[in-house]
file structure.cif (mmCIF, C-alpha atoms and all ligand atoms)
data_coords
loop_
_atom_site.label_atom_id
_atom_site.label_comp_id
_atom_site.auth_asym_id
_atom_site.auth_seq_id
_atom_site.Cartn_x
_atom_site.Cartn_y
_atom_site.Cartn_z
CA MET B 811 64.79 37.08 5.77
CA LYS B 812 64.88 38.98 2.48
CA ARG B 813 65.65 36.92 -0.63
CA GLU B 814 69.04 37.62 -2.20
CA GLY B 815 69.58 39.69 -5.33
CA ILE B 816 68.19 42.98 -6.59
CA ILE B 817 64.45 42.47 -6.88
CA ILE B 818 62.34 45.04 -8.71
CA LEU B 819 58.57 45.20 -9.16
CA GLY B 820 57.62 46.86 -12.48
CA ILE B 821 54.19 48.40 -13.10
CA GLU B 822 52.77 49.47 -16.48
CA SER B 823 49.44 51.26 -16.95
CA SER B 824 50.02 53.83 -19.71
CA CYS B 825 47.28 52.71 -22.11
CA ASP B 826 44.98 49.69 -22.19
CA GLU B 827 47.16 47.02 -20.60
CA THR B 828 47.51 46.62 -16.83
CA SER B 829 50.75 44.79 -16.20
CA ALA B 830 53.09 43.88 -13.35
CA ALA B 831 56.42 42.05 -13.50
CA ILE B 832 59.18 40.94 -11.19
CA CYS B 833 62.83 41.21 -12.20
CA ARG B 834 65.63 39.69 -10.14
CA ASP B 835 69.21 40.62 -11.03
CA GLY B 836 68.16 41.50 -14.58
CA LYS B 837 66.13 38.29 -15.16
CA ILE B 838 62.37 38.40 -15.51
CA LEU B 839 60.64 36.01 -13.08
CA SER B 840 57.05 36.94 -13.98
CA ASN B 841 55.21 39.23 -16.39
CA VAL B 842 51.44 39.37 -15.92
CA ILE B 843 49.43 41.31 -18.50
CA ALA B 844 45.69 42.04 -18.26
CA SER B 845 44.42 43.36 -21.60
CA GLN B 846 41.25 45.42 -21.65
CA ASP B 847 38.60 44.38 -24.16
CA ALA B 848 36.07 47.07 -23.16
CA HIS B 849 37.36 49.28 -26.02
CA VAL B 850 36.74 46.98 -28.99
CA LYS B 851 33.15 48.08 -29.62
CA TYR B 852 34.23 51.75 -29.66
CA GLY B 853 36.89 51.23 -32.35
CA GLY B 854 39.70 52.64 -30.20
CA VAL B 855 40.87 53.11 -26.61
CA VAL B 856 38.40 55.11 -24.46
CA PRO B 857 40.55 56.86 -21.80
CA GLU B 858 37.93 56.83 -19.03
CA LEU B 859 37.23 53.12 -19.51
CA ALA B 860 40.96 52.43 -19.48
CA SER B 861 41.42 54.21 -16.11
CA ARG B 862 38.51 52.33 -14.55
CA ALA B 863 39.79 48.97 -15.78
CA HIS B 864 43.29 49.72 -14.40
CA MET B 865 41.74 50.49 -11.00
CA GLN B 866 39.91 47.18 -10.99
CA THR B 867 42.84 45.04 -12.09
CA ILE B 868 45.99 46.59 -10.68
CA VAL B 869 45.83 44.89 -7.26
CA PRO B 870 45.13 41.36 -8.58
CA VAL B 871 47.70 41.77 -11.38
CA VAL B 872 50.47 42.81 -8.95
CA ASP B 873 49.45 40.05 -6.58
CA GLN B 874 49.63 37.46 -9.35
CA ALA B 875 53.05 38.69 -10.54
CA MET B 876 54.42 38.40 -6.99
CA LYS B 877 52.97 34.92 -6.50
CA LYS B 878 54.19 33.64 -9.88
CA ALA B 879 57.70 34.86 -9.07
CA GLY B 880 57.58 33.45 -5.52
CA ILE B 881 58.40 36.88 -4.12
CA ASP B 882 57.03 38.58 -0.98
CA LEU B 883 56.65 42.31 -0.46
CA LYS B 884 59.56 42.29 1.99
CA ASP B 885 61.86 40.98 -0.81
CA LEU B 886 61.38 44.04 -3.03
CA ASP B 887 64.29 46.47 -3.38
CA ALA B 888 62.46 49.05 -5.51
CA ILE B 889 59.30 49.75 -7.46
CA ALA B 890 59.56 50.92 -11.07
CA PHE B 891 56.48 52.40 -12.75
CA THR B 892 55.58 54.02 -16.07
CA GLN B 893 55.48 57.73 -15.38
CA SER B 894 55.04 58.92 -18.99
CA PRO B 895 53.98 59.20 -21.78
CA GLY B 896 50.45 57.83 -22.05
CA LEU B 897 46.83 58.50 -21.09
CA ILE B 898 46.94 60.66 -17.99
CA GLY B 899 44.12 58.92 -16.10
CA ALA B 900 45.62 55.52 -16.87
CA LEU B 901 49.12 56.61 -15.81
CA LEU B 902 47.75 58.05 -12.57
CA VAL B 903 46.45 54.66 -11.45
CA GLY B 904 49.88 53.01 -11.79
CA THR B 905 51.68 56.03 -10.37
CA SER B 906 49.48 56.28 -7.28
CA PHE B 907 49.72 52.56 -6.67
CA ALA B 908 53.53 52.51 -7.05
CA LYS B 909 53.96 55.54 -4.79
CA SER B 910 51.76 54.15 -2.04
CA LEU B 911 53.50 50.79 -2.07
CA ALA B 912 56.99 52.32 -2.11
CA LEU B 913 56.03 54.60 0.77
CA SER B 914 54.55 51.79 2.84
CA LEU B 915 57.56 49.51 2.26
CA ASP B 916 60.03 52.38 2.58
CA ILE B 917 61.88 51.41 -0.62
CA PRO B 918 62.95 53.51 -3.64
CA LEU B 919 60.51 54.50 -6.35
CA ILE B 920 61.88 54.58 -9.91
CA SER B 921 60.01 56.48 -12.63
CA ILE B 922 60.28 55.09 -16.14
CA HIS B 923 59.80 56.58 -19.59
CA HIS B 924 57.57 54.13 -21.47
CA MET B 925 59.37 54.55 -24.82
CA GLN B 926 62.82 54.02 -23.30
CA ALA B 927 61.45 50.86 -21.69
CA HIS B 928 60.25 49.61 -25.11
CA VAL B 929 63.85 49.94 -26.35
CA LEU B 930 65.18 48.06 -23.33
CA SER B 931 62.72 45.19 -23.88
CA ASN B 932 65.60 44.00 -26.05
CA LEU B 933 67.67 43.42 -22.87
CA ILE B 934 65.24 40.88 -21.41
CA GLU B 935 66.23 37.78 -23.37
CA SER B 936 69.65 36.36 -24.17
CA PRO B 937 71.67 36.70 -26.29
CA LEU B 938 71.59 40.42 -25.55
CA PRO B 939 72.33 42.85 -28.40
CA SER B 940 75.72 44.55 -28.31
CA PHE B 941 75.93 48.30 -27.81
CA PRO B 942 75.51 50.54 -29.63
CA PHE B 943 72.34 49.35 -31.33
CA LEU B 944 69.51 50.92 -33.31
CA CYS B 945 65.96 50.22 -32.20
CA LEU B 946 62.94 50.62 -34.45
CA THR B 947 60.10 51.16 -31.96
CA ILE B 948 56.74 50.76 -33.68
CA SER B 949 53.52 50.81 -31.71
CA GLY B 950 50.00 52.19 -31.87
CA GLY B 951 51.12 55.52 -30.42
CA HIS B 952 54.75 55.90 -31.46
CA THR B 953 57.22 55.27 -34.25
CA GLN B 954 60.86 56.02 -33.51
CA ILE B 955 64.35 55.10 -34.60
CA VAL B 956 66.50 55.23 -31.48
CA LEU B 957 70.27 54.97 -31.07
CA CYS B 958 70.98 53.20 -27.78
CA SER B 959 74.64 53.35 -26.71
CA ASP B 960 74.15 52.23 -23.11
CA PRO B 961 71.07 51.01 -21.17
CA LEU B 962 70.50 54.56 -19.97
CA LYS B 963 71.85 56.49 -22.92
CA MET B 964 69.51 56.90 -25.87
CA GLU B 965 68.96 59.37 -28.66
CA ILE B 966 66.01 59.63 -31.04
CA LEU B 967 67.39 59.75 -34.59
CA GLY B 968 64.01 59.96 -36.26
CA GLU B 969 60.31 59.71 -35.50
CA THR B 970 56.95 60.03 -37.14
CA ILE B 971 55.78 63.55 -37.82
CA ASP B 972 52.11 62.48 -37.83
CA ASP B 973 50.54 59.02 -37.39
CA ALA B 974 52.35 56.08 -35.78
CA ALA B 975 52.93 52.89 -37.81
CA GLY B 976 50.28 51.06 -35.73
CA GLU B 977 47.80 53.84 -36.43
CA ALA B 978 48.53 53.51 -40.13
CA PHE B 979 47.64 49.81 -39.90
CA ASP B 980 44.55 50.41 -37.75
CA LYS B 981 43.20 53.35 -39.77
CA SER B 982 43.72 51.49 -43.06
CA ALA B 983 41.95 48.49 -41.57
CA LYS B 984 39.04 50.73 -40.60
CA LEU B 985 38.80 51.95 -44.20
CA LEU B 986 38.55 48.30 -45.23
CA GLY B 987 35.72 47.77 -42.73
CA LEU B 988 37.81 45.65 -40.35
CA PRO B 989 37.35 45.90 -36.55
CA TYR B 990 39.80 47.58 -34.15
CA PRO B 991 42.69 46.95 -33.76
CA GLY B 992 43.02 46.08 -37.42
CA GLY B 993 46.83 45.64 -37.59
CA PRO B 994 46.83 41.90 -36.80
CA LEU B 995 43.94 41.34 -39.25
CA ILE B 996 45.78 43.10 -42.08
CA ASP B 997 48.75 40.86 -41.29
CA GLN B 998 46.52 37.79 -41.46
CA TYR B 999 44.79 38.65 -44.77
CA ALA B 1000 48.05 39.86 -46.29
CA SER B 1001 49.63 36.42 -45.95
CA THR B 1002 47.62 35.18 -48.95
CA GLY B 1003 47.54 38.44 -50.91
CA ASP B 1004 49.72 39.99 -53.61
CA PRO B 1005 51.75 42.92 -52.19
CA ASN B 1006 52.37 44.30 -55.68
CA ARG B 1007 48.75 44.36 -56.81
CA PHE B 1008 48.08 47.96 -55.73
CA HIS B 1009 50.53 50.81 -55.30
CA PHE B 1010 50.31 53.61 -52.78
CA PRO B 1011 52.88 56.42 -52.87
CA GLU B 1012 55.57 56.57 -50.19
CA PRO B 1013 56.05 59.99 -48.57
CA GLN B 1014 59.23 61.89 -49.31
CA ILE B 1015 60.36 63.10 -45.90
CA GLU B 1016 63.90 64.34 -45.42
CA GLY B 1017 66.27 62.85 -42.85
CA LEU B 1018 65.23 59.99 -40.60
CA ASN B 1019 61.74 61.20 -39.72
CA LEU B 1020 58.76 59.26 -41.02
CA SER B 1021 55.19 60.03 -42.07
CA PHE B 1022 52.12 57.83 -42.48
CA SER B 1023 49.17 60.18 -42.79
CA GLY B 1024 49.58 60.60 -46.57
CA VAL B 1025 49.43 56.84 -47.11
CA LYS B 1026 46.14 56.66 -45.23
CA THR B 1027 44.70 59.50 -47.32
CA SER B 1028 45.76 57.96 -50.63
CA ILE B 1029 44.23 54.61 -49.59
CA MET B 1030 41.02 56.41 -48.66
CA TYR B 1031 40.72 58.19 -52.06
CA PHE B 1032 41.66 55.03 -53.92
CA LEU B 1033 39.01 52.98 -52.12
CA GLN B 1034 36.32 55.66 -52.55
CA LYS B 1035 36.92 55.71 -56.29
CA GLN B 1036 37.00 51.93 -56.68
CA VAL B 1037 33.93 51.29 -54.52
CA LYS B 1038 31.95 53.84 -56.52
CA GLU B 1039 32.64 51.87 -59.69
CA HIS B 1040 32.56 48.37 -58.13
CA PRO B 1041 30.59 48.22 -54.85
CA ASN B 1042 32.15 44.84 -53.92
CA PHE B 1043 35.69 46.00 -54.60
CA ILE B 1044 36.95 45.69 -51.01
CA HIS B 1045 35.34 42.32 -50.43
CA ASP B 1046 36.67 40.94 -53.73
CA HIS B 1047 40.23 42.20 -53.24
CA LEU B 1048 40.64 42.15 -49.46
CA ASN B 1049 43.76 39.99 -49.36
CA ASP B 1050 45.56 41.91 -52.11
CA LEU B 1051 44.56 45.23 -50.54
CA CYS B 1052 45.89 44.14 -47.13
CA ALA B 1053 49.12 42.82 -48.66
CA SER B 1054 49.67 46.03 -50.67
CA ILE B 1055 48.91 48.34 -47.73
CA GLN B 1056 51.16 46.31 -45.44
CA GLN B 1057 53.95 46.38 -48.02
CA THR B 1058 53.73 50.17 -48.30
CA ILE B 1059 54.03 50.62 -44.52
CA ILE B 1060 56.92 48.13 -44.35
CA ASN B 1061 58.73 49.90 -47.22
CA ILE B 1062 58.50 53.24 -45.39
CA LEU B 1063 59.91 51.71 -42.18
CA MET B 1064 62.66 49.71 -43.87
CA HIS B 1065 63.77 52.64 -46.00
CA LYS B 1066 64.44 54.80 -42.92
CA LEU B 1067 65.94 51.98 -40.88
CA LYS B 1068 68.43 51.24 -43.68
CA LYS B 1069 69.26 54.93 -43.92
CA ALA B 1070 69.85 55.12 -40.14
CA SER B 1071 72.11 52.08 -40.25
CA MET B 1072 74.12 53.47 -43.17
CA GLU B 1073 74.49 56.93 -41.63
CA THR B 1074 75.57 55.65 -38.21
CA GLY B 1075 77.46 52.56 -39.40
CA ILE B 1076 75.56 50.56 -36.75
CA LYS B 1077 74.54 47.04 -37.75
CA ASN B 1078 73.09 45.85 -34.43
CA ILE B 1079 69.38 46.24 -35.11
CA CYS B 1080 66.58 45.77 -32.58
CA ILE B 1081 62.83 46.19 -32.82
CA ALA B 1082 60.12 46.85 -30.25
CA GLY B 1083 56.41 47.72 -30.03
CA GLY B 1084 53.23 45.89 -31.06
CA VAL B 1085 53.72 46.34 -34.82
CA SER B 1086 56.93 44.31 -34.63
CA ALA B 1087 54.66 41.24 -34.43
CA ASN B 1088 53.87 41.79 -38.12
CA LYS B 1089 54.99 38.77 -40.13
CA GLY B 1090 55.66 40.72 -43.31
CA LEU B 1091 57.86 43.14 -41.38
CA ARG B 1092 59.77 40.33 -39.68
CA ASN B 1093 60.43 38.73 -43.09
CA ALA B 1094 61.58 42.06 -44.53
CA LEU B 1095 63.92 42.56 -41.56
CA GLN B 1096 65.41 39.08 -42.03
CA GLU B 1097 66.01 39.78 -45.73
CA GLN B 1098 67.70 43.09 -45.01
CA ALA B 1099 69.73 41.53 -42.21
CA GLU B 1100 71.15 38.97 -44.64
CA LYS B 1101 71.75 41.56 -47.33
CA TYR B 1102 73.45 44.17 -45.12
CA ASN B 1103 75.03 41.88 -42.54
CA TRP B 1104 72.87 43.17 -39.71
CA LYS B 1105 72.79 41.46 -36.32
CA LEU B 1106 69.09 41.35 -35.70
CA HIS B 1107 67.44 41.14 -32.26
CA VAL B 1108 63.70 40.55 -32.09
CA PRO B 1109 62.08 40.27 -28.62
CA SER B 1110 59.37 37.66 -27.95
CA PHE B 1111 55.89 38.98 -28.65
CA GLU B 1112 54.94 39.29 -24.95
CA TYR B 1113 57.76 41.82 -24.57
CA CYS B 1114 56.91 43.72 -27.79
CA THR B 1115 53.42 44.87 -26.82
CA ASP B 1116 52.92 46.92 -23.65
CA ASN B 1117 54.22 44.96 -20.66
CA ALA B 1118 55.70 45.53 -17.22
CA ALA B 1119 58.76 43.31 -17.81
CA MET B 1120 60.31 46.13 -19.84
CA ILE B 1121 59.50 48.56 -16.99
CA ALA B 1122 61.10 46.26 -14.42
CA ILE B 1123 64.26 45.72 -16.52
CA THR B 1124 64.64 49.47 -17.10
CA GLY B 1125 64.11 49.95 -13.35
CA TYR B 1126 66.88 47.44 -12.71
CA TYR B 1127 69.41 49.36 -14.81
CA LYS B 1128 68.36 52.66 -13.20
CA PHE B 1129 68.65 51.08 -9.74
CA LEU B 1130 72.22 49.95 -10.53
CA LYS B 1131 73.06 53.57 -11.34
CA GLY B 1132 71.31 54.83 -8.19
CA GLU B 1133 68.64 56.67 -10.19
CA ALA B 1134 65.57 56.80 -7.96
CA SER B 1135 62.71 59.31 -7.90
CA ASN B 1136 61.13 60.78 -4.82
CA LEU B 1137 57.48 60.67 -3.85
CA HIS B 1138 56.82 63.92 -5.72
CA ALA B 1139 57.16 62.07 -9.04
CA SER B 1140 53.95 62.69 -10.96
CA ALA B 1141 52.36 61.10 -14.00
CA SER B 1142 52.74 63.01 -17.25
CA ALA B 1143 50.83 62.44 -20.52
CA ARG B 1144 53.68 63.92 -22.55
CA ALA B 1145 57.30 63.49 -21.71
CA THR B 1146 60.63 64.89 -22.73
CA TRP B 1147 63.30 62.38 -23.64
CA ASP B 1148 66.22 62.85 -21.28
O1 LIG K 1201 52.81 48.41 -28.58
P1 LIG K 1201 51.34 48.16 -28.66
O2 LIG K 1201 50.82 46.84 -28.17
O3 LIG K 1201 50.53 49.25 -27.90
C1 LIG K 1201 50.84 50.61 -27.97
O4 LIG K 1201 50.33 51.24 -28.91
O5 LIG K 1201 51.61 51.08 -27.11
O6 LIG K 1201 50.95 48.35 -30.21
C2 LIG K 1201 49.62 48.21 -30.64
C3 LIG K 1201 49.62 48.38 -32.16
C4 LIG K 1201 48.22 48.45 -32.74
O7 LIG K 1201 48.17 49.54 -33.62
C5 LIG K 1201 48.09 47.12 -33.48
O8 LIG K 1201 47.23 47.16 -34.58
C6 LIG K 1201 49.51 46.88 -33.90
O9 LIG K 1201 50.29 47.28 -32.79
N1 LIG K 1201 49.77 45.47 -34.22
C7 LIG K 1201 50.05 45.02 -35.45
C8 LIG K 1201 50.20 43.61 -35.36
N2 LIG K 1201 50.01 43.27 -34.05
C9 LIG K 1201 49.75 44.42 -33.36
N3 LIG K 1201 50.19 45.68 -36.61
C10 LIG K 1201 50.48 44.95 -37.69
N4 LIG K 1201 50.64 43.60 -37.69
C11 LIG K 1201 50.51 42.91 -36.55
N5 LIG K 1201 50.67 41.58 -36.54
ZN ZN K 1202 53.87 51.04 -25.71
#
call {"tool": "encode", "arguments": {"input": "structure.cif", "output": "structure tokens"}}
result
Amino acid sequence: MKREGIIILGIESSCDETSAAICRDGKILSNVIASQDAHVKYGGVVPELASRAHMQTIVPVVDQAMKKAGIDLKDLDAIAFTQSPGLIGALLVGTSFAKSLALSLDIPLISIHHMQAHVLSNLIESPLPSFPFLCLTISGGHTQIVLCSDPLKMEILGETIDDAAGEAFDKSAKLLGLPYPGGPLIDQYASTGDPNRFHFPEPQIEGLNLSFSGVKTSIMYFLQKQVKEHPNFIHDHLNDLCASIQQTIINILMHKLKKASMETGIKNICIAGGVSANKGLRNALQEQAEKYNWKLHVPSFEYCTDNAAMIAITGYYKFLKGEASNLHASASARATWD
């Protein structure tokens, strides 16, 4: 007999994490994430290596997620999978797997937009944020300020016009000679550094869009000049450099988030994406929340970075609205936001 409740299997394979999760009536029962370390020595994600690793791990990861949740294949009501955006070869692995399983079990297939799922990672843990809320989604590939007025109704108010916030961290870290991904290392060194020691200009971009490429360039010129005069400059000032770079990135993000909150009058504020793990950012958000009376919602770290729980939860809300795809659904590297 099938277990009761709406049970969704979520599958995520858009970049370098292979993940599967089970959601039952909007509650996550399991969330298995296999991170790929094959990319570290190349200083960034190598698409071909990512696809191969997904192919090797997708079956055991799904199997583990089912076992952890105590769910059998016959219990599944639908399969939700990341259709876009992401690396095409990586997306194809998850898409093909999800399609085959849905076809063999004769259950609905639900295609998910990865960035919308990041926003809905805020609906995994109680207390849930009230609608409407603003979500600052900050990852290695994206930076967006999204107005979410219903689980399936979202609008991008602003986004980066060049690099993502995570890229700004990682590229700055590279300039400092730190390994990839450098974001967490900058966070670590910054904790004992002086954020006001060095100043990097903030870009002047109109509206709610953001930009990070100018910051990276000014850091690069600054470091080139200093190292020429003092070869040990980076080594001697690593903590202060990390703290100052981190502060600049945080200031850019907070400036636009405050602006979005003021313009919309929305004080329910959520965050998502790997960069939201940053301690300096979390402190800055807390400070602003107290100052402006924001109701802040910060997901647990396992739901901030790429994960299938957010795919399963988004699948659950789509299932409730009867939004299923057919077997012609195909992976797409770029995606429109509908
Ligand atoms: O969301 P995510 O796991 O993957 C995608 O890009 O989709 O985000 C990864 C990004 C990387 O750029 C990484 O350096 C950054 O998040 N990141 C951090 C921290 N933890 C992860 N950046 C700053 N501080 C952190 N603690
Ligand atoms: Zn992501």
call {"tool": "residues_around", "arguments": {"input": "structure.cif", "residues": "range 1041-1046 of chain B", "least_positions_apart": "3", "cutoff": "12 Å", "atoms": "all atoms listed in the file", "output": "list in words"}}
result
Ser982, Ala983, Lys984, Leu985, Leu986, Gly987, Leu988, Tyr999, Gly1003, Ile1029, Met1030, Phe1032, Leu1033, Gln1034, Lys1035, Gln1036, Val1037, Lys1038, Asn1049, Asp1050, Leu1051 and Cys1052 of chain B
call {"tool": "atom_distance", "arguments": {"input": "structure.cif", "atom1": "CA of Lys1026 in chain B", "atom2": "CA of Arg1144 in chain B"}}
result
25.0 Å
call {"tool": "closest_residue", "arguments": {"input": "structure.cif", "among": "B:Leu819, B:Ile1015, B:Leu1020, B:Ile955", "to": "Lys884 in chain B", "atoms": "all atoms listed in the file"}}
result
B:Leu819
call {"tool": "axis_aligned_box", "arguments": {"input": "structure.cif", "around": "ligand LIG 1201 (chain K)", "padding_each_side": "4 Å", "output": "lines of an AutoDock Vina configuration file"}}
result
center_x = 50.0
center_y = 46.4
center_z = -32.4
size_x = 13.6
size_y = 17.7
size_z = 18.6
call {"tool": "closest_residue", "arguments": {"input": "structure.cif", "among": "B:Leu944, B:Ile996, B:Cys958, B:Ile1121", "to": "ligand ZN 1202 (chain K)", "atoms": "all atoms listed in the file"}}
result
B:Ile1121
call {"tool": "closest_atom_pairs", "arguments": {"input": "structure.cif", "of": "range 859-929 of chain B", "to": "range 948-952 of chain B", "cutoff": "12 Å", "atoms": "all atoms listed in the file", "output": "CSV"}}
result
residue,atom,partner,partner_atom,distance
B:Pro895,CA,B:Gly951,CA,9.8
B:Gly896,CA,B:Gly951,CA,8.7
B:Leu897,CA,B:Gly951,CA,10.7
B:His924,CA,B:His952,CA,10.5
B:Met925,CA,B:His952,CA,8.2
B:Gln926,CA,B:His952,CA,11.6
B:His928,CA,B:Ile948,CA,9.3
B:Val929,CA,B:Ile948,CA,10.2
call {"tool": "atom_distance", "arguments": {"input": "structure.cif", "atom1": "CA of Gly815 in chain B", "atom2": "CA of Ala1118 in chain B"}}
result
19.2 Å
call {"tool": "residues_near_ligand", "arguments": {"input": "structure.cif", "ligand": "ligand LIG 1201 (chain K)", "cutoff": "6 Å", "atoms": "all atoms listed in the file", "output": "VMD selection string"}}
result
chain B and resid 949 to 951 976 to 977 979 to 980 991 to 994 997 1083 to 1085 1087 to 1088 1115 to 1116
call {"tool": "atom_distance", "arguments": {"input": "structure.cif", "atom1": "CA of Leu859 in chain B", "atom2": "CA of Ile832 in chain B"}}
result
26.4 Å
call {"tool": "residues_around", "arguments": {"input": "structure.cif", "residues": "Gly853 in chain B", "least_positions_apart": "3", "cutoff": "9 Å", "atoms": "all atoms listed in the file", "output": "list in words"}}
result
His849, Val850, Val856, Lys984, Pro989, Tyr990 and Pro991 of chain B
call {"tool": "write_last_selection", "arguments": {"input": "structure.cif", "atoms": "C-alpha atoms", "output": "PDB file, keeping the file's coordinate frame"}}
result
ATOM      1  CA  HIS B 849      37.360  49.280 -26.020  1.00  0.00           C
ATOM      2  CA  VAL B 850      36.740  46.980 -28.990  1.00  0.00           C
ATOM      3  CA  VAL B 856      38.400  55.110 -24.460  1.00  0.00           C
ATOM      4  CA  LYS B 984      39.040  50.730 -40.600  1.00  0.00           C
ATOM      5  CA  PRO B 989      37.350  45.900 -36.550  1.00  0.00           C
ATOM      6  CA  TYR B 990      39.800  47.580 -34.150  1.00  0.00           C
ATOM      7  CA  PRO B 991      42.690  46.950 -33.760  1.00  0.00           C
TER       8      PRO B 991
END
call {"tool": "residues_around", "arguments": {"input": "structure.cif", "residues": "Pro939 in chain B", "least_positions_apart": "6", "cutoff": "10 Å", "atoms": "all atoms listed in the file", "output": "PyMOL selection string"}}
result
chain B and resi 932-933+1078-1080+1105-1108
call {"tool": "decode", "arguments": {"input": "structure.cif", "residues": "range 863-878 of chain B", "atoms": "N, CA, C and O atoms", "output": "short mmCIF file (atom, residue, chain, number, x, y, z; two decimals), in the first residue's frame"}}
result
data_model
loop_
_atom_site.label_atom_id
_atom_site.label_comp_id
_atom_site.auth_asym_id
_atom_site.auth_seq_id
_atom_site.Cartn_x
_atom_site.Cartn_y
_atom_site.Cartn_z
N ALA B 863 30.75 13.27 -12.85
CA ALA B 863 30.53 12.97 -11.42
C ALA B 863 29.04 12.80 -11.13
O ALA B 863 28.64 11.93 -10.35
N HIS B 864 28.19 13.62 -11.77
CA HIS B 864 26.73 13.44 -11.57
C HIS B 864 26.31 12.05 -12.01
O HIS B 864 25.50 11.39 -11.34
N MET B 865 26.85 11.59 -13.16
CA MET B 865 26.46 10.27 -13.67
C MET B 865 26.84 9.16 -12.69
O MET B 865 26.12 8.19 -12.52
N GLN B 866 28.00 9.35 -12.05
CA GLN B 866 28.45 8.31 -11.11
C GLN B 866 27.64 8.32 -9.82
O GLN B 866 27.44 7.28 -9.21
N THR B 867 27.20 9.50 -9.40
CA THR B 867 26.60 9.57 -8.05
C THR B 867 25.09 9.63 -8.02
O THR B 867 24.50 9.42 -6.97
N ILE B 868 24.44 9.92 -9.14
CA ILE B 868 23.01 10.18 -9.04
C ILE B 868 22.20 8.98 -8.52
O ILE B 868 21.32 9.15 -7.66
N VAL B 869 22.55 7.77 -8.96
CA VAL B 869 21.79 6.60 -8.50
C VAL B 869 21.99 6.37 -6.99
O VAL B 869 21.01 6.31 -6.24
N PRO B 870 23.25 6.30 -6.51
CA PRO B 870 23.40 6.12 -5.05
C PRO B 870 22.82 7.26 -4.22
O PRO B 870 22.30 7.02 -3.13
N VAL B 871 22.89 8.49 -4.73
CA VAL B 871 22.36 9.62 -3.95
C VAL B 871 20.84 9.51 -3.83
O VAL B 871 20.26 9.70 -2.74
N VAL B 872 20.16 9.18 -4.91
CA VAL B 872 18.69 9.03 -4.86
C VAL B 872 18.34 7.87 -3.94
O VAL B 872 17.43 7.96 -3.10
N ASP B 873 19.08 6.79 -4.09
CA ASP B 873 18.83 5.61 -3.27
C ASP B 873 18.94 5.93 -1.78
O ASP B 873 18.08 5.57 -0.98
N GLN B 874 19.99 6.68 -1.45
CA GLN B 874 20.22 7.04 -0.05
C GLN B 874 19.10 7.95 0.47
O GLN B 874 18.65 7.79 1.61
N ALA B 875 18.67 8.90 -0.36
CA ALA B 875 17.61 9.83 0.06
C ALA B 875 16.31 9.05 0.33
O ALA B 875 15.60 9.33 1.31
N MET B 876 16.03 8.06 -0.50
CA MET B 876 14.81 7.25 -0.32
C MET B 876 14.92 6.44 0.98
O MET B 876 13.98 6.38 1.76
N LYS B 877 16.07 5.83 1.17
CA LYS B 877 16.26 4.98 2.36
C LYS B 877 16.18 5.81 3.64
O LYS B 877 15.52 5.42 4.60
N LYS B 878 16.86 6.96 3.64
CA LYS B 878 16.87 7.82 4.83
C LYS B 878 15.45 8.24 5.19
O LYS B 878 15.11 8.39 6.37
#
